[in-house]
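Listing of my_file-v2.txt, compact mmCIF, C-alpha atoms
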```txt
# COMPACT_ATOMS: atom_id res chain seq x y z
CA MET D 1 37.05 30.42 -20.08
CA ALA D 2 39.95 32.25 -18.48
CA VAL D 3 41.52 28.95 -17.46
CA SER D 4 41.21 27.68 -21.03
CA SER D 5 42.95 30.77 -22.43
CA GLU D 6 45.73 30.39 -19.87
CA VAL D 7 46.21 26.76 -20.89
CA ARG D 8 46.32 27.64 -24.57
CA SER D 9 48.56 30.69 -24.25
CA PRO D 10 51.90 28.82 -23.85
CA GLY D 11 51.14 26.73 -26.93
CA LEU D 12 50.04 29.81 -28.86
CA LEU D 13 53.19 31.72 -27.94
CA ARG D 14 55.35 28.75 -28.90
CA THR D 15 53.58 28.47 -32.25
CA ILE D 16 54.04 32.19 -32.96
CA PHE D 17 57.72 32.04 -32.00
CA LEU D 18 58.45 28.98 -34.15
CA SER D 19 56.56 30.29 -37.17
CA SER D 20 58.27 33.68 -36.90
CA SER D 21 61.68 32.03 -36.62
CA ALA D 22 60.97 29.87 -39.67
CA LEU D 23 59.87 32.92 -41.65
CA LEU D 24 63.00 34.82 -40.60
CA LEU D 25 65.17 31.87 -41.64
CA VAL D 26 63.52 31.74 -45.07
CA ILE D 27 64.08 35.49 -45.54
CA THR D 28 67.76 35.24 -44.63
CA VAL D 29 68.24 32.26 -46.96
CA VAL D 30 66.67 34.21 -49.83
CA ALA D 31 68.85 37.22 -49.00
CA SER D 32 72.05 35.13 -48.92
CA PRO D 33 71.58 32.14 -51.21
CA LYS D 34 75.30 31.51 -51.78
CA GLU D 35 76.13 31.34 -48.07
CA ALA D 36 73.14 29.08 -47.41
CA PHE D 37 74.13 26.78 -50.27
CA ASP D 38 77.75 26.56 -49.11
CA ALA D 39 76.64 25.81 -45.55
CA SER D 40 74.24 23.08 -46.70
CA ILE D 41 77.04 21.47 -48.73
CA GLN D 42 79.21 21.63 -45.62
CA GLY D 43 76.60 19.81 -43.53
CA LEU D 44 76.06 17.24 -46.27
CA ASP D 45 79.82 16.69 -46.53
CA ILE D 46 80.09 15.96 -42.80
CA TRP D 47 77.12 13.61 -42.82
CA TRP D 48 78.18 11.61 -45.90
CA LYS D 49 81.90 11.32 -45.08
CA ILE D 50 81.77 10.87 -41.29
CA VAL D 51 78.36 10.14 -39.83
CA PHE D 52 76.93 7.74 -42.42
CA PRO D 53 79.83 5.25 -42.64
CA ALA D 54 80.57 5.42 -38.92
CA LEU D 55 77.00 4.88 -37.66
CA LEU D 56 75.39 2.51 -40.16
CA PRO D 57 77.17 -0.63 -38.83
CA PHE D 58 76.17 0.12 -35.24
CA LEU D 59 72.55 0.85 -36.11
CA MET D 60 72.28 -2.43 -37.97
CA LEU D 61 74.13 -4.36 -35.26
CA SER D 62 72.03 -3.07 -32.38
CA GLN D 63 68.73 -3.80 -34.12
CA MET D 64 69.71 -7.30 -35.22
CA LEU D 65 71.18 -8.28 -31.85
CA THR D 66 68.08 -7.01 -30.06
CA ALA D 67 65.82 -9.05 -32.34
CA PHE D 68 67.84 -12.23 -31.73
CA GLY D 69 67.70 -11.72 -27.95
CA PHE D 70 71.38 -10.91 -27.49
CA THR D 71 70.67 -7.74 -25.51
CA HIS D 72 68.43 -9.69 -23.14
CA ALA D 73 71.09 -12.32 -22.54
CA ILE D 74 73.90 -9.82 -22.08
CA GLY D 75 71.67 -7.88 -19.69
CA VAL D 76 71.83 -10.81 -17.24
CA LEU D 77 75.62 -10.48 -17.13
CA LEU D 78 75.64 -6.68 -16.90
CA GLU D 79 72.96 -6.48 -14.20
CA PRO D 80 75.36 -6.02 -11.22
CA LEU D 81 77.35 -3.23 -12.93
CA MET D 82 74.38 -1.27 -14.24
CA ARG D 83 72.44 -1.59 -10.97
CA ARG D 84 75.41 -0.50 -8.90
CA LEU D 85 76.62 2.36 -11.10
CA PHE D 86 73.52 3.78 -12.80
CA LYS D 87 70.63 2.07 -10.93
CA LEU D 88 69.41 0.66 -14.26
CA PRO D 89 68.53 -2.87 -15.40
CA GLY D 90 71.30 -4.88 -17.00
CA ASN D 91 69.92 -4.80 -20.55
CA THR D 92 70.62 -1.07 -20.74
CA GLY D 93 74.31 -1.96 -20.60
CA PHE D 94 74.13 -2.96 -24.26
CA ALA D 95 72.79 0.49 -25.16
CA LEU D 96 75.66 2.01 -23.17
CA ALA D 97 78.21 -0.07 -25.09
CA VAL D 98 76.60 0.83 -28.42
CA GLY D 99 76.71 4.52 -27.48
CA MET D 100 80.39 4.36 -26.56
CA CYS D 101 81.30 2.52 -29.78
CA GLY D 102 78.83 4.03 -32.22
CA GLY D 103 77.77 7.46 -31.02
CA PHE D 104 74.57 9.14 -29.89
CA PRO D 105 72.08 8.30 -32.69
CA ALA D 106 72.89 4.61 -32.36
CA ALA D 107 72.56 4.76 -28.56
CA ALA D 108 69.19 6.52 -28.75
CA ASP D 109 68.00 3.95 -31.29
CA ALA D 110 69.07 1.10 -28.98
CA VAL D 111 67.21 2.69 -26.04
CA SER D 112 64.15 3.15 -28.24
CA ARG D 113 64.22 -0.57 -29.06
CA LEU D 114 64.33 -1.41 -25.36
CA ILE D 115 61.25 0.75 -24.69
CA GLN D 116 59.29 -0.69 -27.60
CA ASP D 117 60.17 -4.21 -26.43
CA LYS D 118 58.94 -3.24 -22.92
CA GLN D 119 62.24 -4.08 -21.26
CA ILE D 120 62.63 -0.72 -19.45
CA THR D 121 60.37 2.02 -18.11
CA THR D 122 60.18 5.54 -19.50
CA ARG D 123 62.15 6.88 -16.52
CA GLN D 124 64.88 4.33 -17.10
CA ALA D 125 64.88 5.21 -20.81
CA VAL D 126 65.63 8.88 -20.12
CA ILE D 127 68.45 7.93 -17.74
CA ALA D 128 69.86 5.35 -20.17
CA ALA D 129 69.73 7.80 -23.09
CA ALA D 130 71.62 10.36 -21.03
CA ALA D 131 74.22 7.85 -19.84
CA ALA D 132 74.80 6.40 -23.33
CA HIS D 133 75.10 9.72 -25.18
CA PHE D 134 78.68 9.68 -26.49
CA ALA D 135 80.32 11.07 -29.60
CA ASN D 136 81.44 8.55 -32.19
CA PRO D 137 84.99 7.37 -31.38
CA MET D 138 85.93 7.33 -35.08
CA MET D 139 85.08 11.01 -35.27
CA ILE D 140 87.17 11.80 -32.18
CA LEU D 141 90.21 9.77 -33.28
CA LEU D 142 90.29 10.27 -37.04
CA VAL D 143 88.60 13.63 -37.58
CA VAL D 144 89.36 15.67 -34.44
CA GLY D 145 92.67 14.09 -33.50
CA ALA D 146 94.24 13.29 -36.87
CA ALA D 147 92.55 15.64 -39.37
CA PHE D 148 91.78 18.75 -37.29
CA LEU D 149 94.59 18.77 -34.70
CA HIS D 150 97.13 16.78 -36.77
CA GLN D 151 98.01 14.85 -33.59
CA PRO D 152 96.58 11.33 -33.22
CA ALA D 153 97.69 11.15 -29.57
CA ALA D 154 95.37 14.05 -28.77
CA GLY D 155 92.47 12.07 -30.23
CA TYR D 156 93.14 9.13 -27.91
CA PHE D 157 93.41 11.50 -24.95
CA LEU D 158 90.08 13.14 -25.81
CA LEU D 159 88.40 9.75 -26.23
CA ILE D 160 89.50 8.49 -22.80
CA ILE D 161 88.42 11.78 -21.18
CA HIS D 162 85.12 11.64 -23.06
CA TRP D 163 84.26 8.13 -21.88
CA THR D 164 85.45 8.64 -18.30
CA SER D 165 83.68 11.97 -17.78
CA GLY D 166 80.47 10.57 -19.29
CA TRP D 167 80.35 7.72 -16.76
CA ILE D 168 81.13 10.10 -13.89
CA ALA D 169 78.49 12.64 -14.93
CA ALA D 170 75.72 10.05 -15.39
CA ALA D 171 76.50 8.22 -12.15
CA ALA D 172 76.62 11.48 -10.19
CA ALA D 173 73.41 12.87 -11.69
CA ILE D 174 71.31 9.84 -10.76
CA ARG D 175 72.42 10.25 -7.13
CA LEU D 176 72.27 14.06 -6.87
CA LEU D 177 68.84 14.61 -8.43
CA PRO D 178 66.39 12.72 -6.20
CA ALA D 179 63.50 15.11 -6.87
CA LEU D 180 63.81 14.68 -10.61
CA ARG D 181 64.04 10.90 -10.25
CA LYS D 182 60.86 10.88 -8.20
CA GLU D 183 59.00 13.05 -10.70
CA GLN D 184 59.99 10.84 -13.63
CA SER D 185 59.28 7.63 -11.77
CA LEU D 186 55.70 8.74 -11.13
CA SER D 187 55.08 9.28 -14.84
CA SER D 188 56.76 6.02 -15.76
CA ASP D 189 54.78 4.00 -13.26
CA ILE D 190 51.56 5.32 -14.75
CA THR D 191 52.42 4.85 -18.41
CA SER D 192 54.57 1.74 -18.61
CA PRO D 193 53.54 -1.91 -18.12
CA ASN D 194 57.12 -3.02 -17.72
CA LYS D 195 56.70 -4.08 -14.09
CA ILE D 196 54.23 -6.73 -15.18
CA VAL D 197 56.51 -7.98 -17.94
CA ARG D 198 59.52 -8.04 -15.60
CA SER D 199 57.62 -9.88 -12.88
CA GLN D 200 56.44 -12.49 -15.37
CA THR D 201 59.99 -13.03 -16.63
CA GLN D 202 61.33 -13.34 -13.09
CA SER D 203 58.66 -15.84 -12.14
CA GLN D 204 59.41 -17.93 -15.21
CA ALA D 205 63.12 -17.85 -14.43
CA SER D 206 62.48 -18.87 -10.83
CA LYS D 207 60.41 -21.82 -12.01
CA MET D 208 63.27 -22.95 -14.20
CA GLU D 209 65.76 -22.62 -11.38
CA ASN D 210 63.58 -24.45 -8.88
CA ASP D 211 62.73 -27.31 -11.21
CA PRO D 212 63.44 -30.48 -9.13
CA SER D 213 63.71 -32.64 -12.23
CA SER D 214 67.05 -31.07 -13.13
CA SER D 215 69.94 -31.45 -10.71
CA ILE D 216 72.29 -29.52 -12.98
CA LEU D 217 70.52 -26.25 -12.23
CA SER D 218 71.75 -26.37 -8.64
CA SER D 219 75.09 -24.92 -9.79
CA PRO D 220 75.23 -21.10 -9.73
CA ASN D 221 77.10 -20.99 -13.05
CA VAL D 222 74.47 -23.13 -14.77
CA ARG D 223 71.69 -21.02 -13.32
CA LEU D 224 73.29 -17.92 -14.79
CA GLY D 225 73.60 -19.56 -18.20
CA SER D 226 70.03 -20.81 -18.02
CA ARG D 227 68.74 -17.32 -17.30
CA MET D 228 70.68 -15.95 -20.25
CA LEU D 229 69.37 -18.60 -22.65
CA HIS D 230 65.83 -18.21 -21.33
CA ALA D 231 65.90 -14.43 -21.77
CA ALA D 232 67.31 -14.71 -25.32
CA ARG D 233 64.79 -17.39 -26.34
CA GLU D 234 61.81 -15.45 -25.00
CA ALA D 235 62.91 -12.27 -26.81
CA HIS D 236 63.49 -14.08 -30.10
CA ASN D 237 60.11 -15.79 -29.89
CA ARG D 238 58.40 -12.44 -29.28
CA ASP D 239 60.10 -10.93 -32.34
CA ALA D 240 59.26 -13.91 -34.58
CA ARG D 241 60.76 -12.41 -37.79
CA SER D 242 62.66 -14.48 -40.30
CA PHE D 243 66.26 -13.56 -41.06
CA GLY D 244 65.39 -12.12 -44.47
CA LYS D 245 62.58 -9.97 -43.06
CA LEU D 246 64.81 -8.87 -40.18
CA LEU D 247 67.66 -7.90 -42.50
CA GLY D 248 65.38 -5.85 -44.72
CA ASP D 249 63.78 -4.07 -41.76
CA THR D 250 67.20 -3.40 -40.21
CA VAL D 251 68.61 -1.75 -43.33
CA SER D 252 65.44 0.28 -43.90
CA GLN D 253 65.21 1.55 -40.32
CA ALA D 254 68.95 2.29 -40.08
CA VAL D 255 68.94 4.36 -43.28
CA GLN D 256 65.78 6.17 -42.15
CA THR D 257 67.45 7.12 -38.86
CA LEU D 258 70.57 8.31 -40.69
CA MET D 259 68.48 10.40 -43.10
CA LEU D 260 66.89 12.10 -40.09
CA THR D 261 70.35 12.78 -38.69
CA GLY D 262 71.57 14.18 -42.01
CA GLY D 263 68.59 16.52 -42.29
CA TYR D 264 69.27 17.93 -38.83
CA MET D 265 72.94 18.48 -39.63
CA ILE D 266 72.26 20.29 -42.93
CA VAL D 267 69.64 22.58 -41.38
CA PHE D 268 71.88 23.43 -38.44
CA ALA D 269 74.83 24.11 -40.74
CA VAL D 270 72.76 26.69 -42.61
CA PHE D 271 71.38 28.12 -39.37
CA ILE D 272 74.86 28.54 -37.87
CA ARG D 273 76.20 30.28 -40.98
CA LEU D 274 73.31 32.75 -41.08
CA LEU D 275 73.60 33.46 -37.34
CA SER D 276 77.30 34.25 -37.75
CA LEU D 277 76.64 36.52 -40.73
CA TYR D 278 73.64 38.56 -39.62
CA LEU D 279 72.80 38.33 -35.91
CA THR D 280 76.20 38.06 -34.20
CA PRO D 281 78.88 39.06 -36.72
CA GLY D 282 81.23 40.34 -34.00
CA ILE D 283 81.26 37.11 -31.97
CA SER D 284 83.90 34.46 -32.54
CA THR D 285 83.09 32.11 -35.41
CA GLY D 286 83.41 29.12 -33.09
CA PHE D 287 80.75 30.29 -30.61
CA TRP D 288 77.54 29.20 -32.32
CA PRO D 289 78.96 25.99 -33.84
CA SER D 290 80.21 24.90 -30.40
CA ILE D 291 76.74 25.31 -28.90
CA LEU D 292 74.65 24.03 -31.79
CA GLU D 293 76.55 21.38 -33.79
CA LEU D 294 79.33 19.06 -32.64
CA HIS D 295 81.29 18.53 -35.86
CA LEU D 296 81.31 22.17 -36.96
CA GLY D 297 82.14 23.27 -33.42
CA ALA D 298 85.13 20.92 -33.24
CA TYR D 299 86.38 22.17 -36.60
CA HIS D 300 86.16 25.86 -35.66
CA LEU D 301 87.66 25.33 -32.21
CA SER D 302 90.61 23.38 -33.60
CA LYS D 303 91.53 26.33 -35.83
CA THR D 304 91.67 28.89 -33.00
CA LEU D 305 95.05 30.03 -31.64
CA LEU D 306 94.54 29.16 -27.98
CA ALA D 307 96.88 27.68 -25.40
CA PRO D 308 97.02 23.89 -25.85
CA ALA D 309 95.52 23.11 -22.43
CA ILE D 310 92.60 25.53 -22.91
CA LEU D 311 91.98 24.31 -26.45
CA MET D 312 91.90 20.66 -25.40
CA ALA D 313 89.65 21.45 -22.43
CA LEU D 314 87.19 23.31 -24.68
CA LEU D 315 87.18 20.45 -27.19
CA ALA D 316 86.53 17.95 -24.39
CA ALA D 317 83.69 20.12 -23.04
CA LEU D 318 82.22 20.40 -26.55
CA LEU D 319 82.31 16.63 -27.02
CA GLY D 320 80.60 16.15 -23.65
CA TRP D 321 77.91 18.73 -24.40
CA GLY D 322 77.30 17.25 -27.86
CA GLY D 323 75.51 20.23 -29.38
CA VAL D 324 71.82 21.10 -29.58
CA CYS D 325 71.62 19.33 -32.94
CA SER D 326 72.49 15.97 -31.34
CA HIS D 327 70.01 16.60 -28.52
CA LEU D 328 67.19 17.13 -31.00
CA GLN D 329 68.17 13.96 -32.84
CA VAL D 330 67.86 11.98 -29.60
CA PHE D 331 64.53 13.63 -28.75
CA SER D 332 63.12 12.84 -32.20
CA ILE D 333 64.21 9.17 -32.03
CA LEU D 334 62.78 8.69 -28.52
CA LYS D 335 59.63 10.70 -29.22
CA THR D 336 57.77 7.75 -30.71
CA ALA D 337 58.61 5.52 -27.75
CA LEU D 338 58.23 7.90 -24.81
CA PRO D 339 54.79 9.11 -23.66
CA LYS D 340 53.72 12.63 -24.52
CA GLY D 341 54.91 15.19 -22.00
CA GLN D 342 57.84 13.10 -20.73
CA SER D 343 60.48 15.55 -19.51
CA MET D 344 64.00 15.38 -20.97
CA LEU D 345 65.42 17.81 -18.41
CA TYR D 346 67.53 15.06 -16.86
CA PHE D 347 69.15 14.44 -20.24
CA VAL D 348 70.14 18.09 -20.65
CA ILE D 349 71.50 18.28 -17.09
CA VAL D 350 73.69 15.22 -17.68
CA ARG D 351 74.98 16.79 -20.90
CA LEU D 352 76.00 19.93 -19.02
CA GLY D 353 77.60 17.82 -16.30
CA HIS D 354 79.42 15.75 -18.91
CA GLY D 355 80.89 18.86 -20.54
CA LEU D 356 81.90 20.42 -17.23
CA THR D 357 83.49 17.19 -15.96
CA ALA D 358 85.41 16.72 -19.20
CA PHE D 359 86.65 20.33 -19.07
CA CYS D 360 87.96 19.94 -15.51
CA LEU D 361 89.55 16.53 -16.14
CA THR D 362 91.32 17.83 -19.23
CA LEU D 363 92.75 20.84 -17.40
CA LEU D 364 93.94 18.49 -14.68
CA LEU D 365 95.44 15.75 -16.85
CA TRP D 366 96.59 17.46 -20.04
CA LYS D 367 99.88 18.77 -18.68
CA PRO D 368 101.19 15.37 -17.47
CA PHE D 369 99.89 13.73 -20.66
CA SER D 370 101.58 16.29 -22.91
CA HIS D 371 104.97 15.36 -21.49
CA TYR D 372 104.61 11.97 -23.19
CA SER D 373 103.70 13.44 -26.58
CA THR D 374 105.85 16.57 -26.79
CA GLU D 375 107.21 15.88 -30.25
CA ALA D 376 103.80 15.29 -31.81
CA TRP D 377 102.38 18.39 -30.14
CA ALA D 378 105.31 20.50 -31.39
CA ALA D 379 104.51 19.41 -34.94
CA TRP D 380 100.87 20.44 -34.42
CA ALA D 381 101.88 23.82 -32.94
CA ALA D 382 104.23 24.55 -35.86
CA ASP D 383 101.45 23.74 -38.29
CA THR D 384 98.90 26.08 -36.67
CA ALA D 385 101.22 28.97 -35.74
CA ALA D 386 100.96 30.59 -39.16
CA PRO D 387 98.16 33.14 -39.67
CA THR D 388 95.03 31.57 -41.07
CA ALA D 389 92.35 33.06 -43.29
CA PRO D 390 89.01 34.05 -41.71
CA LEU D 391 86.88 30.96 -41.26
CA LEU D 392 83.88 32.51 -42.99
CA LEU D 393 85.98 32.64 -46.18
CA ARG D 394 86.25 28.84 -46.07
CA PRO D 395 82.71 27.63 -46.68
CA ILE D 396 83.54 23.97 -47.31
CA LEU D 397 84.89 21.80 -44.53
CA HIS D 398 87.81 19.76 -45.84
CA LEU D 399 87.55 16.26 -44.43
CA PRO D 400 89.57 13.11 -45.06
CA ASP D 401 88.86 11.88 -48.56
CA THR D 402 86.39 8.99 -48.65
CA ALA D 403 85.53 8.55 -52.30
CA ASN D 404 83.37 5.48 -51.80
CA THR D 405 81.42 5.84 -48.59
CA LEU D 406 79.62 2.52 -48.92
CA HIS D 407 82.96 0.74 -49.34
CA VAL D 408 84.26 2.47 -46.21
CA THR D 409 81.11 1.38 -44.35
CA TRP D 410 81.78 -2.30 -44.87
CA VAL D 411 85.48 -1.87 -44.19
CA ILE D 412 84.57 -0.34 -40.80
CA PHE D 413 81.97 -3.06 -40.07
CA PRO D 414 84.44 -5.75 -38.84
CA VAL D 415 86.24 -3.12 -36.76
CA ALA D 416 82.89 -2.08 -35.27
CA VAL D 417 82.06 -5.68 -34.34
CA ILE D 418 85.46 -6.24 -32.72
CA GLY D 419 85.35 -2.92 -30.84
CA LEU D 420 81.84 -3.60 -29.52
CA ALA D 421 82.84 -7.13 -28.46
CA VAL D 422 85.93 -5.88 -26.62
CA LEU D 423 83.98 -3.16 -24.81
CA LEU D 424 81.24 -5.60 -23.81
CA GLY D 425 83.92 -7.98 -22.52
CA VAL D 426 85.40 -5.23 -20.36
CA MET D 427 81.96 -4.27 -19.03
CA ILE D 428 81.13 -7.91 -18.25
CA SER D 429 84.42 -8.23 -16.37
CA LEU D 430 83.61 -5.10 -14.36
CA SER D 431 80.14 -6.49 -13.69
CA GLY D 432 81.63 -9.74 -12.39
CA LEU D 433 84.04 -7.79 -10.19
CA THR D 434 81.13 -5.72 -8.86
CA LEU D 435 79.14 -8.85 -8.04
CA TRP D 436 82.14 -10.41 -6.29
CA MET D 437 82.73 -7.28 -4.21
CA ASN D 438 79.05 -7.08 -3.27
CA ARG D 439 79.12 -10.66 -2.02
CA LEU D 440 82.43 -10.11 -0.24
CA PHE D 441 81.22 -7.05 1.70
CA SER D 442 77.80 -8.53 2.43
CA ARG D 443 79.31 -11.36 4.49
```
Take the structure in the file and give it back as structure tokens.
Amino acid sequence: MAVSSEVRSPGLLRTIFLSSSALLLVITVVASPKEAFDASIQGLDIWWKIVFPALLPFLMLSQMLTAFGFTHAIGVLLEPLMRRLFKLPGNTGFALAVGMCGGFPAAADAVSRLIQDKQITTRQAVIAAAAAHFANPMMILLVVGAAFLHQPAAGYFLLIIHWTSGWIAAAAAIRLLPALRKEQSLSSDITSPNKIVRSQTQSQASKMENDPSSSILSSPNVRLGSRMLHAAREAHNRDARSFGKLLGDTVSQAVQTLMLTGGYMIVFAVFIRLLSLYLTPGISTGFWPSILELHLGAYHLSKTLLAPAILMALLAALLGWGGVCSHLQVFSILKTALPKGQSMLYFVIVRLGHGLTAFCLTLLLWKPFSHYSTEAWAAWAADTAAPTAPLLLRPILHLPDTANTLHVTWVIFPVAVIGLAVLLGVMISLSGLTLWMNRLFSR
């Protein structure tokens, strides 16, 4: 009986804490309805003008390409790079590319598709979700660089730092956390049948390669192409949906994921405003947004009068951390695919490492970079030198005007396709270089 009470006590305490927090939030909303309404409009404004048009193309692309077997085929090409750098199967390289081009909800959705299709284990899914968790490049370039800082060159600098530090943090974490890898691998081996699926696929591929009736397969290049076609055909046959059914499911699931993201952003916008008003009124207005929500944190940080190097380093760290709101979005998307009790500690550690790496790289590289953009930075400094009104007196976040968000979505769609294709081409080239170096040093 005592053991049973000890087992139930953590869950009981968690329930009491969450229910009390929800009750406190309701009381504060009732006490300050205007502030709560303004904050909810702010979160809705960010979601509708930035997140929705920027992410919808990538969510649709990733789901359609996975159904047609493209991710399986591209995984054959990316196998050397992903194995060497992240110790992951090659098909997770597509999720990494989607994350770099589309942002964290799209990356988590792509990883979730890989789990549901039984292409990766639960351990590999946690690592892939952590490695592919990037902020949307459109948000970094257009919103942070152009709209917030009034310096497009700063947006490009932050994007390069963001991508580079993310690869470094993920690659370092998988090598420096052996105990965590072992713990997650035990749970994944118990819960996932992926080893059986992978062994069957490999045996089928080996039969194709060793078929004596075909002399063409003796060429290494043809064998690679045959494996790609075989993987794509098997995946498409398993999906077995017509194009019309696939298109309808893709739109429905993409919009459902974006609605989940929008709900998180609105709730966190209200939560941040109430925290700043009642619990920590003396703390800087950028403190809670920087910890809890990426877009609001970037906005508040960009309006502070800090030294340029410190400001850019903090923005880079914020982009690497991503905010608790984005973490919960990833957890909620992966929750249906991962087994109950699967730890996401590795994900949080990589986020901390990503932020710290980005902060250090920015401090190291900003001064030489600023020499090449002095005139643009002087214009930004002149614009922000004047005293500004308290941020709490500006409840609505002024973003670039996008009157017709759906029109903007389909304008961005070709750009999204081209950007994803270019990034995949670069990753495939790196994978080929990795394979060539492996063969060179193994002689």
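Closest approach to Ile333 in chain D among D:Ile27, D:Leu258, D:Leu279, D:Ala131: D:Leu258, based on only C-alpha atoms.
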(request) Fewer than 6 positions away in the same chain doesn't count, so skip those; otherwise give me all residues within 8 Å of Ala129 in chain D, counting only C-alpha atoms, as an NGL selection string. (result) :D and (107-108 or 111 or 330 or 347)
Need the axis-aligned box for range 250-265 of chain D with 5 Å each side, so what are the centre and edges in Å to one decimal, as lines of an AutoDock Vina configuration file?
```
center_x = 69.1
center_y = 7.5
center_z = -41.3
size_x = 17.7
size_y = 31.9
size_z = 15.2
```
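With only C-alpha atoms as the atoms that count, the residue of D:Met259, D:Ala173, D:Ile16, D:Ala240 with the shortest distance to Val51 in chain D is D:Met259.
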(message) Need to verify the contact set: Ala128 in chain D, 8 Å, only C-alpha atoms, exclusion of same-chain residues closer than 4 positions in sequence. Can you return it as a VMD selection string?
(response) chain D and resid 88 92 95 to 96 111 124 132
(message) One number please: CA of Gln63 in chain D to CA of Ala421 in chain D, in Å, one decimal.
(response) 15.6 Å
Serialized range 286-339 of chain D w/ C-alpha atoms as a CSV table (one decimal), in the first residue's frame:
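Final output, saved to result26.csv:
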```csv
chain,number,residue,atom,x,y,z
D,286,GLY,CA,12.4,40.5,-22.9
D,287,PHE,CA,13.2,37.9,-20.2
D,288,TRP,CA,10.1,35.8,-20.3
D,289,PRO,CA,9.5,36.0,-24.0
D,290,SER,CA,13.1,34.9,-24.7
D,291,ILE,CA,12.6,31.8,-22.6
D,292,LEU,CA,9.0,30.9,-23.5
D,293,GLU,CA,8.3,32.0,-27.1
D,294,LEU,CA,10.7,32.5,-30.0
D,295,HIS,CA,8.9,35.2,-32.1
D,296,LEU,CA,8.0,37.5,-29.1
D,297,GLY,CA,11.4,37.0,-27.6
D,298,ALA,CA,13.1,38.1,-30.9
D,299,TYR,CA,10.9,41.1,-31.0
D,300,HIS,CA,11.6,42.3,-27.5
D,301,LEU,CA,15.3,41.6,-27.7
D,302,SER,CA,15.6,43.6,-31.0
D,303,LYS,CA,14.2,46.7,-29.3
D,304,THR,CA,16.7,46.7,-26.4
D,305,LEU,CA,19.6,49.2,-26.4
D,306,LEU,CA,22.5,46.7,-26.1
D,307,ALA,CA,25.9,46.6,-27.8
D,308,PRO,CA,25.5,45.2,-31.3
D,309,ALA,CA,27.7,42.1,-30.6
D,310,ILE,CA,25.8,41.3,-27.4
D,311,LEU,CA,22.5,41.8,-29.0
D,312,MET,CA,23.3,39.6,-32.0
D,313,ALA,CA,24.7,36.9,-29.7
D,314,LEU,CA,21.5,36.9,-27.6
D,315,LEU,CA,19.4,36.7,-30.7
D,316,ALA,CA,21.4,33.8,-32.0
D,317,ALA,CA,21.2,32.0,-28.6
D,318,LEU,CA,17.4,32.6,-28.6
D,319,LEU,CA,17.0,31.1,-32.1
D,320,GLY,CA,19.0,28.1,-31.0
D,321,TRP,CA,17.0,27.6,-27.8
D,322,GLY,CA,13.7,28.0,-29.7
D,323,GLY,CA,11.5,28.7,-26.7
D,324,VAL,CA,9.5,26.4,-24.5
D,325,CYS,CA,6.5,26.9,-26.8
D,326,SER,CA,8.3,25.3,-29.7
D,327,HIS,CA,9.5,22.4,-27.5
D,328,LEU,CA,5.9,21.7,-26.5
D,329,GLN,CA,4.8,21.8,-30.1
D,330,VAL,CA,7.4,19.1,-31.0
D,331,PHE,CA,6.5,17.0,-28.0
D,332,SER,CA,2.8,17.1,-28.9
D,333,ILE,CA,3.5,16.2,-32.5
D,334,LEU,CA,5.7,13.3,-31.6
D,335,LYS,CA,3.6,12.1,-28.7
D,336,THR,CA,1.3,10.0,-30.9
D,337,ALA,CA,4.3,8.3,-32.5
D,338,LEU,CA,6.6,7.8,-29.6
D,339,PRO,CA,5.9,5.2,-26.8
```
